[in-house]
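Notes follow once the structure below has been shown.
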Amino acid sequence: MHRESRRDMRRALARHVNLTKKNIVLDVGSYDVNGTYKCLIPENNVYIGTDIAIGPNVDFVMSEFSIPLKDKSIDIVLCGQVLEHCRNPFKLIEEAYRIVKPGGHVFLVAPFIWPEHRFPLDCFRYLPDGMSSVLEFSGFKVKQAYLSGPDCWGVGTK
């Protein structure tokens, strides 16, 4: 994760959600390879990290397209620098939709322009129309889809 990604996530969260109230925040792809979003979530919230392998900043392991949490149990899903590694991003974000509470949010960020970086795969690059498609086909209402630096962002609500 590059520094701008964390800065942009801080801005997106501030624009779309109230972190002064208690939220349950799930970070999908939380394995700390080169930084996390955990520092952006105030202590009055509950931060949970999940990834496909155990490691730093991972609270529980998920399978490729299945998050072992109850329906409508999460207020906010963060999914940063993950979708490019996912063989079927539509399926993964459908799973995020299942676990997000009504009125909840999902924040997606994936590269628009970035060199290949297999971890373990590197499948896609995104433009705003593609990010909107992933959100819409998964059930989310698109609040924003835009480019910022080398990244494409998508913000959706249930």
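Ordering of the structure tokens sets the chain letters (A, B, ...); residue numbers start at 1 within each chain; ligands are numbered from 1 in the order shown.
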Test item: residues at most 12 Å from Arg7 of chain A, only C-alpha atoms, excluding those fewer than 2 positions along its chain, as a compact mmCIF listing (two decimals) with N, CA and C atoms, in the first residue's frame:
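Just written: out30.txt:
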# COMPACT_ATOMS: atom_id res chain seq x y z
N MET A 1 0.85 -1.17 0.00
CA MET A 1 0.00 0.00 0.00
C MET A 1 0.90 1.23 0.00
N HIS A 2 0.62 2.16 -0.86
CA HIS A 2 1.40 3.39 -0.88
C HIS A 2 0.74 4.43 0.02
N ARG A 3 1.52 5.41 0.42
CA ARG A 3 1.08 6.43 1.39
C ARG A 3 -0.18 7.16 0.91
N GLU A 4 -0.27 7.43 -0.39
CA GLU A 4 -1.42 8.14 -0.93
C GLU A 4 -2.70 7.33 -0.74
N SER A 5 -2.61 6.01 -0.82
CA SER A 5 -3.78 5.15 -0.64
C SER A 5 -4.35 5.32 0.77
N MET A 9 -7.94 6.96 1.65
CA MET A 9 -8.92 6.20 2.43
C MET A 9 -9.40 7.05 3.61
N ARG A 10 -8.50 7.75 4.26
CA ARG A 10 -8.88 8.63 5.37
C ARG A 10 -9.90 9.67 4.88
N ARG A 11 -9.65 10.26 3.72
CA ARG A 11 -10.57 11.26 3.16
C ARG A 11 -11.92 10.64 2.80
N ALA A 12 -11.89 9.46 2.17
CA ALA A 12 -13.15 8.80 1.78
C ALA A 12 -13.98 8.45 3.00
N LEU A 13 -13.35 7.92 4.03
CA LEU A 13 -14.08 7.60 5.26
C LEU A 13 -14.70 8.85 5.87
N ALA A 14 -13.92 9.93 5.95
CA ALA A 14 -14.41 11.17 6.53
C ALA A 14 -15.59 11.73 5.73
N THR A 36 -1.36 -0.97 6.61
CA THR A 36 -2.76 -1.33 6.76
C THR A 36 -3.59 -0.06 6.94
N TYR A 37 -4.90 -0.25 6.97
CA TYR A 37 -5.83 0.84 7.24
C TYR A 37 -6.23 0.90 8.72
N CYS A 39 -4.84 1.95 11.35
CA CYS A 39 -4.54 3.22 12.04
C CYS A 39 -5.57 4.31 11.73
N LEU A 40 -6.40 4.11 10.71
CA LEU A 40 -7.41 5.11 10.35
C LEU A 40 -8.71 4.96 11.13
N SER A 148 -7.78 8.36 -8.48
CA SER A 148 -6.94 9.21 -7.64
C SER A 148 -5.53 8.66 -7.72
N GLY A 149 -4.65 9.40 -8.36
CA GLY A 149 -3.29 8.91 -8.56
C GLY A 149 -3.31 7.62 -9.35
I want to know what sits within 7 Å of segment 96-110 of chain A, based on only C-alpha atoms, with residues of the same chain fewer than 5 positions away left out; could you give that as a PDB file with N, CA and C atoms, in the first residue's frame?
ATOM      1  N   LEU A  69     -18.801 -14.711   8.421  1.00  0.00           N
ATOM      2  CA  LEU A  69     -19.513 -13.822   9.336  1.00  0.00           C
ATOM      3  C   LEU A  69     -20.999 -13.877   9.012  1.00  0.00           C
ATOM      4  N   LYS A  70     -21.825 -13.498   9.990  1.00  0.00           N
ATOM      5  CA  LYS A  70     -23.278 -13.516   9.815  1.00  0.00           C
ATOM      6  C   LYS A  70     -23.726 -12.447   8.829  1.00  0.00           C
ATOM      7  N   ASP A  71     -24.862 -12.692   8.190  1.00  0.00           N
ATOM      8  CA  ASP A  71     -25.495 -11.699   7.328  1.00  0.00           C
ATOM      9  C   ASP A  71     -25.728 -10.417   8.120  1.00  0.00           C
ATOM     10  N   LYS A  72     -25.539  -9.281   7.459  1.00  0.00           N
ATOM     11  CA  LYS A  72     -25.864  -7.961   8.018  1.00  0.00           C
ATOM     12  C   LYS A  72     -25.217  -7.730   9.387  1.00  0.00           C
ATOM     13  N   SER A  73     -23.930  -8.084   9.513  1.00  0.00           N
ATOM     14  CA  SER A  73     -23.245  -7.961  10.805  1.00  0.00           C
ATOM     15  C   SER A  73     -22.161  -6.878  10.824  1.00  0.00           C
ATOM     16  N   ILE A  74     -21.885  -6.257   9.680  1.00  0.00           N
ATOM     17  CA  ILE A  74     -20.766  -5.313   9.562  1.00  0.00           C
ATOM     18  C   ILE A  74     -21.289  -3.956   9.084  1.00  0.00           C
ATOM     19  N   ASP A  75     -20.767  -2.886   9.668  1.00  0.00           N
ATOM     20  CA  ASP A  75     -21.155  -1.533   9.262  1.00  0.00           C
ATOM     21  C   ASP A  75     -20.362  -1.029   8.061  1.00  0.00           C
ATOM     22  N   ILE A  76     -19.061  -1.315   8.055  1.00  0.00           N
ATOM     23  CA  ILE A  76     -18.167  -0.786   7.028  1.00  0.00           C
ATOM     24  C   ILE A  76     -17.216  -1.894   6.581  1.00  0.00           C
ATOM     25  N   VAL A  77     -17.094  -2.079   5.271  1.00  0.00           N
ATOM     26  CA  VAL A  77     -16.099  -2.990   4.706  1.00  0.00           C
ATOM     27  C   VAL A  77     -15.071  -2.165   3.962  1.00  0.00           C
ATOM     28  N   LEU A  78     -13.812  -2.387   4.282  1.00  0.00           N
ATOM     29  CA  LEU A  78     -12.692  -1.812   3.550  1.00  0.00           C
ATOM     30  C   LEU A  78     -12.082  -2.933   2.713  1.00  0.00           C
ATOM     31  N   CYS A  79     -11.775  -2.655   1.484  1.00  0.00           N
ATOM     32  CA  CYS A  79     -11.153  -3.657   0.616  1.00  0.00           C
ATOM     33  C   CYS A  79     -10.156  -2.918  -0.263  1.00  0.00           C
ATOM     34  N   GLY A  80      -8.953  -2.751   0.252  1.00  0.00           N
ATOM     35  CA  GLY A  80      -7.944  -1.950  -0.416  1.00  0.00           C
ATOM     36  C   GLY A  80      -6.824  -2.785  -0.983  1.00  0.00           C
ATOM     37  N   GLN A  81      -6.564  -2.587  -2.263  1.00  0.00           N
ATOM     38  CA  GLN A  81      -5.466  -3.262  -2.956  1.00  0.00           C
ATOM     39  C   GLN A  81      -5.631  -4.782  -2.901  1.00  0.00           C
ATOM     40  N   VAL A  82      -6.882  -5.224  -3.103  1.00  0.00           N
ATOM     41  CA  VAL A  82      -7.224  -6.648  -3.077  1.00  0.00           C
ATOM     42  C   VAL A  82      -7.847  -7.101  -4.394  1.00  0.00           C
ATOM     43  N   LEU A  83      -8.749  -6.290  -4.943  1.00  0.00           N
ATOM     44  CA  LEU A  83      -9.533  -6.726  -6.101  1.00  0.00           C
ATOM     45  C   LEU A  83      -8.675  -7.131  -7.284  1.00  0.00           C
ATOM     46  N   GLU A  84      -7.521  -6.507  -7.453  1.00  0.00           N
ATOM     47  CA  GLU A  84      -6.654  -6.874  -8.576  1.00  0.00           C
ATOM     48  C   GLU A  84      -6.093  -8.286  -8.441  1.00  0.00           C
ATOM     49  N   TYR A 126      -8.350  -1.363 -12.844  1.00  0.00           N
ATOM     50  CA  TYR A 126      -9.718  -0.833 -12.783  1.00  0.00           C
ATOM     51  C   TYR A 126      -9.820   0.609 -13.269  1.00  0.00           C
ATOM     52  N   SER A 138     -23.013  -6.390  -7.526  1.00  0.00           N
ATOM     53  CA  SER A 138     -22.975  -7.047  -6.219  1.00  0.00           C
ATOM     54  C   SER A 138     -24.127  -6.599  -5.327  1.00  0.00           C
ATOM     55  N   GLY A 139     -24.878  -5.583  -5.744  1.00  0.00           N
ATOM     56  CA  GLY A 139     -26.035  -5.124  -4.988  1.00  0.00           C
ATOM     57  C   GLY A 139     -25.895  -3.746  -4.377  1.00  0.00           C
ATOM     58  N   PHE A 140     -24.694  -3.195  -4.333  1.00  0.00           N
ATOM     59  CA  PHE A 140     -24.483  -1.892  -3.713  1.00  0.00           C
ATOM     60  C   PHE A 140     -24.963  -0.754  -4.608  1.00  0.00           C
ATOM     61  N   ASP A 151      -4.664   4.865  -8.484  1.00  0.00           N
ATOM     62  CA  ASP A 151      -5.729   3.989  -7.986  1.00  0.00           C
ATOM     63  C   ASP A 151      -7.102   4.361  -8.525  1.00  0.00           C
ATOM     64  N   CYS A 152      -7.977   3.371  -8.533  1.00  0.00           N
ATOM     65  CA  CYS A 152      -9.391   3.564  -8.802  1.00  0.00           C
ATOM     66  C   CYS A 152     -10.139   3.266  -7.505  1.00  0.00           C
ATOM     67  N   TRP A 153     -11.081   4.139  -7.175  1.00  0.00           N
ATOM     68  CA  TRP A 153     -11.842   4.042  -5.933  1.00  0.00           C
ATOM     69  C   TRP A 153     -13.307   3.801  -6.213  1.00  0.00           C
ATOM     70  N   GLY A 154     -13.934   3.040  -5.337  1.00  0.00           N
ATOM     71  CA  GLY A 154     -15.364   2.853  -5.389  1.00  0.00           C
ATOM     72  C   GLY A 154     -15.933   2.898  -3.985  1.00  0.00           C
ATOM     73  N   VAL A 155     -17.003   3.650  -3.819  1.00  0.00           N
ATOM     74  CA  VAL A 155     -17.686   3.735  -2.535  1.00  0.00           C
ATOM     75  C   VAL A 155     -19.143   3.353  -2.799  1.00  0.00           C
ATOM     76  N   GLY A 156     -19.623   2.365  -2.063  1.00  0.00           N
ATOM     77  CA  GLY A 156     -20.991   1.921  -2.222  1.00  0.00           C
ATOM     78  C   GLY A 156     -21.702   1.850  -0.890  1.00  0.00           C
ATOM     79  N   THR A 157     -23.025   1.864  -0.959  1.00  0.00           N
ATOM     80  CA  THR A 157     -23.835   1.757   0.249  1.00  0.00           C
ATOM     81  C   THR A 157     -24.941   0.726  -0.005  1.00  0.00           C
ATOM     82  N   LYS A 158     -25.388   0.107   1.073  1.00  0.00           N
ATOM     83  CA  LYS A 158     -26.441  -0.915   0.979  1.00  0.00           C
ATOM     84  C   LYS A 158     -27.759  -0.297   1.344  1.00  0.00           C
TER      85      LYS A 158
END
* To do: Name all residues at most 10 Å from Ile41 of chain A (count only C-alpha atoms; drop same-chain ones fewer than 5 positions away) and give them as JSON, numbers by chain.
  => {"A": [10, 13, 19, 20, 23, 24, 25, 46, 47]}
Just to be explicit: take each residue in the selection above, keep N, CA, C and O atoms, and write the result as a PDB file, in the first residue's frame.
ATOM      1  N   ARG A  10      -8.499   7.748   4.257  1.00  0.00           N
ATOM      2  CA  ARG A  10      -8.880   8.631   5.373  1.00  0.00           C
ATOM      3  C   ARG A  10      -9.903   9.667   4.884  1.00  0.00           C
ATOM      4  O   ARG A  10     -10.926   9.895   5.526  1.00  0.00           O
ATOM      5  N   LEU A  13     -13.354   7.920   4.032  1.00  0.00           N
ATOM      6  CA  LEU A  13     -14.084   7.596   5.259  1.00  0.00           C
ATOM      7  C   LEU A  13     -14.697   8.848   5.868  1.00  0.00           C
ATOM      8  O   LEU A  13     -15.874   8.852   6.251  1.00  0.00           O
ATOM      9  N   LEU A  19     -17.313   8.092  11.950  1.00  0.00           N
ATOM     10  CA  LEU A  19     -16.487   7.211  12.772  1.00  0.00           C
ATOM     11  C   LEU A  19     -16.469   7.628  14.239  1.00  0.00           C
ATOM     12  O   LEU A  19     -15.793   6.999  15.052  1.00  0.00           O
ATOM     13  N   THR A  20     -17.228   8.667  14.596  1.00  0.00           N
ATOM     14  CA  THR A  20     -17.315   9.027  16.011  1.00  0.00           C
ATOM     15  C   THR A  20     -18.300   8.115  16.731  1.00  0.00           C
ATOM     16  O   THR A  20     -18.251   7.980  17.945  1.00  0.00           O
ATOM     17  N   ASN A  23     -18.761   1.693  15.113  1.00  0.00           N
ATOM     18  CA  ASN A  23     -18.980   0.887  13.912  1.00  0.00           C
ATOM     19  C   ASN A  23     -18.174  -0.389  14.021  1.00  0.00           C
ATOM     20  O   ASN A  23     -17.136  -0.426  14.684  1.00  0.00           O
ATOM     21  N   ILE A  24     -18.648  -1.417  13.345  1.00  0.00           N
ATOM     22  CA  ILE A  24     -17.851  -2.625  13.180  1.00  0.00           C
ATOM     23  C   ILE A  24     -17.285  -2.557  11.773  1.00  0.00           C
ATOM     24  O   ILE A  24     -18.031  -2.510  10.789  1.00  0.00           O
ATOM     25  N   VAL A  25     -15.959  -2.500  11.680  1.00  0.00           N
ATOM     26  CA  VAL A  25     -15.256  -2.299  10.422  1.00  0.00           C
ATOM     27  C   VAL A  25     -14.493  -3.571  10.078  1.00  0.00           C
ATOM     28  O   VAL A  25     -13.671  -4.039  10.873  1.00  0.00           O
ATOM     29  N   VAL A  46     -14.851  -1.004  16.238  1.00  0.00           N
ATOM     30  CA  VAL A  46     -14.272  -2.347  16.290  1.00  0.00           C
ATOM     31  C   VAL A  46     -13.664  -2.621  14.919  1.00  0.00           C
ATOM     32  O   VAL A  46     -14.366  -2.595  13.909  1.00  0.00           O
ATOM     33  N   TYR A  47     -12.357  -2.830  14.874  1.00  0.00           N
ATOM     34  CA  TYR A  47     -11.648  -3.139  13.627  1.00  0.00           C
ATOM     35  C   TYR A  47     -11.347  -4.628  13.604  1.00  0.00           C
ATOM     36  O   TYR A  47     -10.801  -5.176  14.568  1.00  0.00           O
TER      37      TYR A  47
END
* To do: Please identify which residues in chain A DSSP calls alpha helix (DSSP H) from the backbone, and express them as a VMD selection string.
  => chain A and resid 3 to 16 89 to 99 128 to 138
* Can you check which residues of segment 15-70 of chain A DSSP gives as strand (DSSP E or B) on the backbone and send them as a ChimeraX atom specification? => /A:24-28,46-51,60-61,63,66
* **Residues within 9 Å of Leu121 of chain A, only C-alpha atoms, excluding chain neighbours under 4 positions, as a ChimeraX atom specification** => /A:84-87,117
Polymer residues at most 6 Å from Thr50 of chain A, only C-alpha atoms, same-chain spacing of 4 or more positions, as a CSV table (one decimal) with C-alpha atoms, in the first residue's frame:
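Result file is result-v2.csv:
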chain,number,residue,atom,x,y,z
A,28,VAL,CA,-10.9,-7.6,3.7
A,29,GLY,CA,-7.3,-8.2,2.6
A,30,SER,CA,-5.8,-6.9,5.9
A,58,VAL,CA,-5.2,-10.8,10.3
A,59,ASP,CA,-7.8,-11.7,12.9
A,60,PHE,CA,-9.3,-14.6,11.0
A,61,VAL,CA,-8.7,-16.4,7.7
* To do: Write out as a list in words the residues lying within 10 Å of Glu64 of chain A, counting only C-alpha atoms and excluding same-chain residues fewer than 5 positions away.
  =>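 Within the cut-off, the hits are Asp51, Ile52, Cys86, Arg87, Asn88, Pro89, Lys91 and Leu92 of chain A.
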* Asked: Smallest atom-to-atom distance to Pro56 of chain A: which of A:Pro120, A:Pro111, A:Pro42, A:Gly35, using only C-alpha atoms?
  ->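 Ranking A:Pro120, A:Pro111, A:Pro42, A:Gly35 by distance to Pro56 of chain A, first place goes to A:Gly35.
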